[in-house]
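Colleague: Contents of start-v2.pdb (PDB, C-alpha atoms and all ligand atoms):
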```pdb
MODEL        1
ATOM      1  CA  MET U1310     207.885 119.995 128.832
ATOM      2  CA  THR U1311     206.419 119.501 125.387
ATOM      3  CA  SER U1312     202.825 118.266 125.447
ATOM      4  CA  ILE U1313     201.157 116.322 122.649
ATOM      5  CA  LEU U1314     197.581 115.093 122.201
ATOM      6  CA  MET U1315     196.693 112.368 119.680
ATOM      7  CA  VAL U1316     193.128 112.520 118.328
ATOM      8  CA  CYS U1317     190.937 110.111 116.331
ATOM      9  CA  LEU U1318     187.182 109.546 116.175
ATOM     10  CA  GLY U1319     186.466 107.062 118.958
ATOM     11  CA  ASN U1320     189.719 107.198 120.997
ATOM     12  CA  ILE U1321     189.716 103.406 121.163
ATOM     13  CA  CYS U1322     191.692 102.340 118.058
ATOM     14  CA  ARG U1323     194.153 104.736 116.398
ATOM     15  CA  SER U1324     194.869 107.501 118.907
ATOM     16  CA  PRO U1325     195.651 105.225 121.891
ATOM     17  CA  MET U1326     198.080 103.363 119.617
ATOM     18  CA  ALA U1327     199.638 106.676 118.549
ATOM     19  CA  GLN U1328     199.846 107.682 122.216
ATOM     20  CA  ALA U1329     201.715 104.449 123.008
ATOM     21  CA  ALA U1330     203.982 104.788 119.955
ATOM     22  CA  LEU U1331     204.960 108.315 120.992
ATOM     23  CA  TYR U1332     205.551 107.169 124.570
ATOM     24  CA  ASP U1333     207.790 104.373 123.252
ATOM     25  CA  ALA U1334     209.767 106.702 120.954
ATOM     26  CA  ALA U1335     210.195 109.298 123.733
ATOM     27  CA  GLN U1336     211.350 106.664 126.246
ATOM     28  CA  LYS U1337     213.912 105.331 123.792
ATOM     29  CA  ALA U1338     215.224 108.859 123.211
ATOM     30  CA  GLY U1339     215.284 109.625 126.953
ATOM     31  CA  MET U1340     212.841 112.469 126.391
ATOM     32  CA  ASP U1341     210.011 113.553 128.692
ATOM     33  CA  ILE U1342     206.825 114.389 126.794
ATOM     34  CA  ASP U1343     203.374 114.929 128.298
ATOM     35  CA  ILE U1344     201.216 112.662 126.097
ATOM     36  CA  ASP U1345     197.494 111.910 125.969
ATOM     37  CA  SER U1346     194.854 110.926 123.427
ATOM     38  CA  ALA U1347     191.190 111.790 122.887
ATOM     39  CA  GLY U1348     188.330 111.273 120.443
ATOM     40  CA  THR U1349     186.202 113.765 118.574
ATOM     41  CA  ALA U1350     183.136 111.607 119.357
ATOM     42  CA  SER U1351     181.685 110.781 122.768
ATOM     43  CA  TRP U1352     180.530 107.209 122.035
ATOM     44  CA  HIS U1353     183.297 105.327 123.814
ATOM     45  CA  ILE U1354     184.050 107.593 126.796
ATOM     46  CA  GLY U1355     185.541 105.571 129.657
ATOM     47  CA  LYS U1356     186.237 102.502 127.510
ATOM     48  CA  ALA U1357     189.599 100.742 127.216
ATOM     49  CA  PRO U1358     191.294 100.563 123.796
ATOM     50  CA  ASP U1359     190.073  97.988 121.274
ATOM     51  CA  GLU U1360     191.520  94.575 122.185
ATOM     52  CA  ARG U1361     193.086  94.207 118.749
ATOM     53  CA  GLY U1362     195.012  97.436 119.283
ATOM     54  CA  GLN U1363     196.003  96.366 122.791
ATOM     55  CA  LYS U1364     197.386  93.142 121.339
ATOM     56  CA  ILE U1365     199.426  94.838 118.610
ATOM     57  CA  VAL U1366     200.898  97.432 120.979
ATOM     58  CA  LYS U1367     201.931  94.663 123.367
ATOM     59  CA  LYS U1368     203.446  92.674 120.523
ATOM     60  CA  ARG U1369     205.250  95.545 118.812
ATOM     61  CA  ALA U1370     206.340  97.686 121.794
ATOM     62  CA  SER U1371     205.714  95.554 124.922
ATOM     63  CA  ILE U1372     203.423  98.258 126.291
ATOM     64  CA  ASP U1373     200.199  97.445 128.138
ATOM     65  CA  ILE U1374     197.552 100.021 127.168
ATOM     66  CA  SER U1375     194.621  98.190 128.797
ATOM     67  CA  SER U1376     194.291 100.889 131.472
ATOM     68  CA  TYR U1377     193.945 103.767 128.967
ATOM     69  CA  LYS U1378     190.453 105.272 129.092
ATOM     70  CA  ALA U1379     188.741 106.960 126.175
ATOM     71  CA  ARG U1380     187.746 110.597 126.550
ATOM     72  CA  GLN U1381     186.392 113.300 124.276
ATOM     73  CA  VAL U1382     188.537 116.219 123.150
ATOM     74  CA  ASN U1383     187.470 119.565 124.671
ATOM     75  CA  ALA U1384     188.187 123.275 124.293
ATOM     76  CA  ALA U1385     190.713 123.316 127.171
ATOM     77  CA  ASP U1386     192.890 120.813 125.274
ATOM     78  CA  PHE U1387     193.720 123.535 122.759
ATOM     79  CA  ASP U1388     195.413 125.553 125.471
ATOM     80  CA  GLN U1389     196.846 122.655 127.430
ATOM     81  CA  TYR U1390     198.655 120.938 124.539
ATOM     82  CA  ASP U1391     201.438 122.318 122.353
ATOM     83  CA  TYR U1392     200.629 119.987 119.469
ATOM     84  CA  ILE U1393     197.422 118.157 118.598
ATOM     85  CA  TYR U1394     197.719 115.475 115.924
ATOM     86  CA  ALA U1395     194.650 114.241 114.049
ATOM     87  CA  MET U1396     194.639 110.738 112.594
ATOM     88  CA  ASP U1397     192.567 111.634 109.525
ATOM     89  CA  GLU U1398     191.220 114.589 107.607
ATOM     90  CA  GLN U1399     187.724 114.343 109.112
ATOM     91  CA  ASN U1400     189.249 114.410 112.618
ATOM     92  CA  LEU U1401     191.259 117.474 111.561
ATOM     93  CA  ARG U1402     188.145 119.279 110.281
ATOM     94  CA  ASP U1403     186.237 118.407 113.475
ATOM     95  CA  LEU U1404     189.108 119.765 115.587
ATOM     96  CA  GLN U1405     189.237 122.976 113.585
ATOM     97  CA  LEU U1406     185.493 123.467 114.179
ATOM     98  CA  ILE U1407     185.897 123.446 117.967
ATOM     99  CA  GLN U1408     189.328 125.094 118.238
ATOM    100  CA  PRO U1409     188.887 128.353 120.204
ATOM    101  CA  LEU U1410     190.189 131.487 118.483
ATOM    102  CA  ASN U1411     193.776 132.361 119.447
ATOM    103  CA  SER U1412     194.311 129.074 121.271
ATOM    104  CA  HIS U1413     197.826 127.777 121.855
ATOM    105  CA  ALA U1414     197.930 124.358 120.166
ATOM    106  CA  VAL U1415     199.314 123.705 116.705
ATOM    107  CA  VAL U1416     196.865 121.304 115.054
ATOM    108  CA  ASN U1417     197.994 119.023 112.230
ATOM    109  CA  LEU U1418     197.565 115.632 110.619
ATOM    110  CA  LEU U1419     199.869 113.083 112.294
ATOM    111  CA  LEU U1420     201.111 111.789 108.942
ATOM    112  CA  GLY U1421     201.210 115.282 107.416
ATOM    113  CA  ASN U1422     200.626 116.183 103.804
ATOM    114  CA  LYS U1423     196.930 115.166 103.577
ATOM    115  CA  LYS U1424     197.756 111.592 104.592
ATOM    116  CA  SER U1425     195.398 109.756 106.941
ATOM    117  CA  VAL U1426     195.727 106.784 109.261
ATOM    118  CA  ALA U1427     192.872 104.585 108.013
ATOM    119  CA  ASP U1428     190.179 103.701 110.558
ATOM    120  CA  PRO U1429     190.710  99.995 111.444
ATOM    121  CA  TYR U1430     187.499  99.627 113.498
ATOM    122  CA  TYR U1431     185.615  97.583 110.902
ATOM    123  CA  GLY U1432     188.808  95.904 109.669
ATOM    124  CA  ASP U1433     190.865  93.030 110.986
ATOM    125  CA  ILE U1434     194.084  92.589 112.950
ATOM    126  CA  SER U1435     196.263  93.314 109.913
ATOM    127  CA  ASP U1436     194.711  96.791 109.739
ATOM    128  CA  PHE U1437     195.870  97.385 113.314
ATOM    129  CA  GLU U1438     199.390  96.267 112.302
ATOM    130  CA  THR U1439     199.266  98.882 109.540
ATOM    131  CA  VAL U1440     198.126 101.526 112.056
ATOM    132  CA  TRP U1441     201.112 100.678 114.256
ATOM    133  CA  ASP U1442     203.534 100.887 111.299
ATOM    134  CA  GLN U1443     202.165 104.315 110.357
ATOM    135  CA  VAL U1444     201.915 105.856 113.827
ATOM    136  CA  SER U1445     205.287 104.562 115.014
ATOM    137  CA  GLU U1446     207.066 105.898 111.946
ATOM    138  CA  ALA U1447     205.413 109.291 112.465
ATOM    139  CA  THR U1448     206.141 109.434 116.200
ATOM    140  CA  ASP U1449     209.810 108.541 115.627
ATOM    141  CA  ILE U1450     210.019 111.577 113.355
ATOM    142  CA  ILE U1451     208.263 113.785 115.929
ATOM    143  CA  VAL U1452     210.779 112.786 118.616
ATOM    144  CA  LYS U1453     213.742 113.319 116.277
ATOM    145  CA  ASN U1454     212.451 116.784 115.397
ATOM    146  CA  LEU U1455     211.844 117.704 119.052
ATOM    147  CA  ALA U1456     215.392 116.594 119.891
ATOM    148  CA  LYS U1457     216.695 119.192 117.427
ATOM    149  CA  LEU U1458     214.864 122.087 119.136
TER     150      LEU U1458
HETATM  151  P1  LIG U1501     189.148 105.184 116.220
HETATM  152  O1  LIG U1501     188.224 104.035 115.585
HETATM  153  O2  LIG U1501     188.572 106.500 115.769
HETATM  154  O3  LIG U1501     190.483 104.902 115.666
HETATM  155  O4  LIG U1501     189.061 104.985 117.740
HETATM  156  C1  LIG U1501     186.845 103.999 115.703
HETATM  157  C2  LIG U1501     186.249 103.483 116.826
HETATM  158  C3  LIG U1501     184.883 103.387 116.902
HETATM  159  C4  LIG U1501     184.101 103.818 115.847
HETATM  160  C5  LIG U1501     184.697 104.339 114.712
HETATM  161  C6  LIG U1501     186.066 104.444 114.650
HETATM  162  N1  LIG U1501     182.700 103.686 115.907
HETATM  163  O5  LIG U1501     182.026 103.936 114.893
HETATM  164  O6  LIG U1501     182.158 103.334 116.981
ENDMDL
END
```
Show the structure stored in the file as structure tokens.
Ligand code: 4NP
Modeller:
Amino acid sequence: MTSILMVCLGNICRSPMAQAALYDAAQKAGMDIDIDSAGTASWHIGKAPDERGQKIVKKRASIDISSYKARQVNAADFDQYDYIYAMDEQNLRDLQLIQPLNSHAVVNLLLGNKKSVADPYYGDISDFETVWDQVSEATDIIVKNLAKL
């Protein structure tokens, strides 16, 4: 089974939403993917996703993410996951710093091509809507590409 890890800074805003968007896209395609999310920082370990993100995911995909728990990315993730997607370029650089040599995972930006999902933490609910638009478009493409393999 393909395994995919979504990574942002705090693991409470963007990456749990990307995790849910990928879950939604995979379900709709009838595909089984092992999906998780993590943060590069340790600040919010054990916390549920930001309530604004919870609200948008419920509204846009009818998925309850209130039981997701933030965790920090670790070296074992690079062998456990096939693909690790960073939300922004700083996340990508931080991942590359801790990626063990010769590890298994392919590490990339979720949006590709130097594009970042902007951090909505200090923004408002409309920024979380934008995050959903971006991550759901990207995860639909991921699922379509996996279906071709
Ligand atoms: P995330 O958003 O990386 O999308 O989970 C953030 C959450 C918390 C903080 C920054 C970004 N923070 O500074 O605590």
Colleague: Report as JSON, numbers by chain which protein, DNA and RNA residues come within 7 Å of ligand LIG 1501 (chain U), using all atoms listed in the file.
Modeller: {"U": [1317, 1318, 1319, 1320, 1321, 1322, 1323, 1324, 1348, 1352, 1428, 1429, 1430]}
Colleague: Taking 6 positions as the minimum chain separation for residues in the same chain, which residues sit within 12 Å of Pro1358 in chain U when counting all atoms listed in the file? Answer as a VMD selection string.
Modeller: chain U and resid 1319 to 1329 1346 to 1348 1364 to 1366 1373 to 1380 1430 1437
Colleague: Name the residues that the PyMOL selection byres (((chain U and resi 1389-1400) around 8) and not hetatm) picks from the file above, as a compact mmCIF listing (two decimals) with C-alpha atoms, keeping the file's coordinate frame, using the file's chain letters and numbers.
Modeller:
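Dumped everything to part21.txt:
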```
# COMPACT_ATOMS: atom_id res chain seq x y z
CA THR U 1311 206.42 119.50 125.39
CA SER U 1312 202.82 118.27 125.45
CA ILE U 1313 201.16 116.32 122.65
CA LEU U 1314 197.58 115.09 122.20
CA MET U 1315 196.69 112.37 119.68
CA VAL U 1316 193.13 112.52 118.33
CA CYS U 1317 190.94 110.11 116.33
CA LEU U 1318 187.18 109.55 116.18
CA ARG U 1323 194.15 104.74 116.40
CA SER U 1324 194.87 107.50 118.91
CA THR U 1349 186.20 113.76 118.57
CA ALA U 1385 190.71 123.32 127.17
CA ASP U 1386 192.89 120.81 125.27
CA PHE U 1387 193.72 123.54 122.76
CA ASP U 1388 195.41 125.55 125.47
CA LEU U 1401 191.26 117.47 111.56
CA ARG U 1402 188.14 119.28 110.28
CA ASP U 1403 186.24 118.41 113.48
CA LEU U 1404 189.11 119.76 115.59
CA HIS U 1413 197.83 127.78 121.86
CA ALA U 1414 197.93 124.36 120.17
CA VAL U 1415 199.31 123.70 116.70
CA VAL U 1416 196.86 121.30 115.05
CA ASN U 1417 197.99 119.02 112.23
CA LEU U 1418 197.56 115.63 110.62
CA LEU U 1419 199.87 113.08 112.29
CA LEU U 1420 201.11 111.79 108.94
CA LYS U 1423 196.93 115.17 103.58
CA LYS U 1424 197.76 111.59 104.59
CA SER U 1425 195.40 109.76 106.94
CA VAL U 1426 195.73 106.78 109.26
CA ALA U 1427 192.87 104.58 108.01
```
Colleague: Counting all atoms listed in the file, I want the residues whose atoms come within 9 Å of (204.2, 107.7, 126.5) in the file frame, returned as a PyMOL selection string.
Modeller: chain U and resi 1328-1336+1341-1345
Colleague: I need the residues from that last selection saved to file as a CSV table (one decimal), in the coordinates of the input (with C-alpha atoms), if you can.
Modeller:
```csv
chain,number,residue,atom,x,y,z
U,1328,GLN,CA,199.8,107.7,122.2
U,1329,ALA,CA,201.7,104.4,123.0
U,1330,ALA,CA,204.0,104.8,120.0
U,1331,LEU,CA,205.0,108.3,121.0
U,1332,TYR,CA,205.6,107.2,124.6
U,1333,ASP,CA,207.8,104.4,123.3
U,1334,ALA,CA,209.8,106.7,121.0
U,1335,ALA,CA,210.2,109.3,123.7
U,1336,GLN,CA,211.4,106.7,126.2
U,1341,ASP,CA,210.0,113.6,128.7
U,1342,ILE,CA,206.8,114.4,126.8
U,1343,ASP,CA,203.4,114.9,128.3
U,1344,ILE,CA,201.2,112.7,126.1
U,1345,ASP,CA,197.5,111.9,126.0
```
Colleague: What does the distance from CA of Arg1361 in chain U to CA of Asp1433 in chain U come to in Å, to one decimal?
Modeller: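 One can read the CA of Arg1361 in chain U to CA of Asp1433 in chain U distance as 8.2 Å.
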Colleague: Hey, which of U:Gly1421, U:Glu1360, U:Met1340, U:Lys1368 ends up closest to Gln1443 in chain U? Count only C-alpha atoms.
Modeller: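 Closest candidate: U:Gly1421.
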Colleague: What does the structure give for the distance between CA of Ala1384 in chain U and CA of Gly1355 in chain U, in Å to one decimal?
Modeller: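 For CA of Ala1384 in chain U relative to CA of Gly1355 in chain U, the distance reads 18.7 Å.
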Colleague: Just so the selection is clear, what residues does the PyMOL selection byres (((chain U and resi 1453) around 12) and not hetatm) cover here, as an MDAnalysis selection string?
Modeller: chainID U and resid 1331 1334:1335 1337:1340 1446:1452 1454:1458
Colleague: Enter the distance from CA of Asp1436 in chain U to CA of Gln1381 in chain U, in Å, rounded to one decimal.
Modeller: 23.5 Å
Colleague: Could you complete range 1312-1337 of chain U so that it carries N, CA and C atoms, and give it back as a tab-separated table (two decimals), keeping the file's coordinate frame?
Modeller:
```tsv
chain	number	residue	atom	x	y	z
U	1312	SER	N	204.04	119.06	125.23
U	1312	SER	CA	202.82	118.27	125.45
U	1312	SER	C	202.14	118.00	124.10
U	1313	ILE	N	201.71	116.76	123.94
U	1313	ILE	CA	201.16	116.32	122.65
U	1313	ILE	C	199.90	115.49	122.87
U	1314	LEU	N	198.84	115.83	122.13
U	1314	LEU	CA	197.58	115.09	122.20
U	1314	LEU	C	197.31	114.43	120.86
U	1315	MET	N	197.04	113.12	120.88
U	1315	MET	CA	196.69	112.37	119.68
U	1315	MET	C	195.17	112.25	119.60
U	1316	VAL	N	194.60	112.51	118.44
U	1316	VAL	CA	193.13	112.52	118.33
U	1316	VAL	C	192.64	111.68	117.14
U	1317	CYS	N	191.65	110.82	117.41
U	1317	CYS	CA	190.94	110.11	116.33
U	1317	CYS	C	189.44	110.28	116.58
U	1318	LEU	N	188.63	109.41	116.01
U	1318	LEU	CA	187.18	109.55	116.18
U	1318	LEU	C	186.72	108.99	117.53
U	1319	GLY	N	187.00	107.72	117.77
U	1319	GLY	CA	186.47	107.06	118.96
U	1319	GLY	C	187.39	107.03	120.16
U	1320	ASN	N	188.67	107.31	119.97
U	1320	ASN	CA	189.72	107.20	121.00
U	1320	ASN	C	189.84	105.77	121.55
U	1321	ILE	N	189.50	104.79	120.71
U	1321	ILE	CA	189.72	103.41	121.16
U	1321	ILE	C	190.62	102.62	120.21
U	1322	CYS	N	190.83	103.09	118.98
U	1322	CYS	CA	191.69	102.34	118.06
U	1322	CYS	C	192.99	103.10	117.76
U	1323	ARG	N	192.93	104.11	116.90
U	1323	ARG	CA	194.15	104.74	116.40
U	1323	ARG	C	194.88	105.61	117.41
U	1324	SER	N	194.15	106.53	118.06
U	1324	SER	CA	194.87	107.50	118.91
U	1324	SER	C	195.51	106.88	120.15
U	1325	PRO	N	194.91	105.85	120.78
U	1325	PRO	CA	195.65	105.22	121.89
U	1325	PRO	C	196.92	104.53	121.40
U	1326	MET	N	196.88	104.00	120.18
U	1326	MET	CA	198.08	103.36	119.62
U	1326	MET	C	199.14	104.43	119.32
U	1327	ALA	N	198.70	105.58	118.81
U	1327	ALA	CA	199.64	106.68	118.55
U	1327	ALA	C	200.21	107.21	119.85
U	1328	GLN	N	199.38	107.26	120.89
U	1328	GLN	CA	199.85	107.68	122.22
U	1328	GLN	C	200.95	106.74	122.70
U	1329	ALA	N	200.72	105.44	122.57
U	1329	ALA	CA	201.72	104.45	123.01
U	1329	ALA	C	202.98	104.51	122.15
U	1330	ALA	N	202.81	104.72	120.85
U	1330	ALA	CA	203.98	104.79	119.96
U	1330	ALA	C	204.85	106.00	120.31
U	1331	LEU	N	204.20	107.11	120.62
U	1331	LEU	CA	204.96	108.32	120.99
U	1331	LEU	C	205.66	108.11	122.34
U	1332	TYR	N	204.96	107.48	123.26
U	1332	TYR	CA	205.55	107.17	124.57
U	1332	TYR	C	206.80	106.30	124.38
U	1333	ASP	N	206.69	105.30	123.52
U	1333	ASP	CA	207.79	104.37	123.25
U	1333	ASP	C	208.98	105.12	122.63
U	1334	ALA	N	208.69	105.95	121.63
U	1334	ALA	CA	209.77	106.70	120.95
U	1334	ALA	C	210.44	107.67	121.92
U	1335	ALA	N	209.64	108.34	122.77
U	1335	ALA	CA	210.20	109.30	123.73
U	1335	ALA	C	211.06	108.59	124.77
U	1336	GLN	N	210.58	107.46	125.27
U	1336	GLN	CA	211.35	106.66	126.25
U	1336	GLN	C	212.70	106.28	125.67
U	1337	LYS	N	212.67	105.79	124.43
U	1337	LYS	CA	213.91	105.33	123.79
U	1337	LYS	C	214.90	106.48	123.59
```
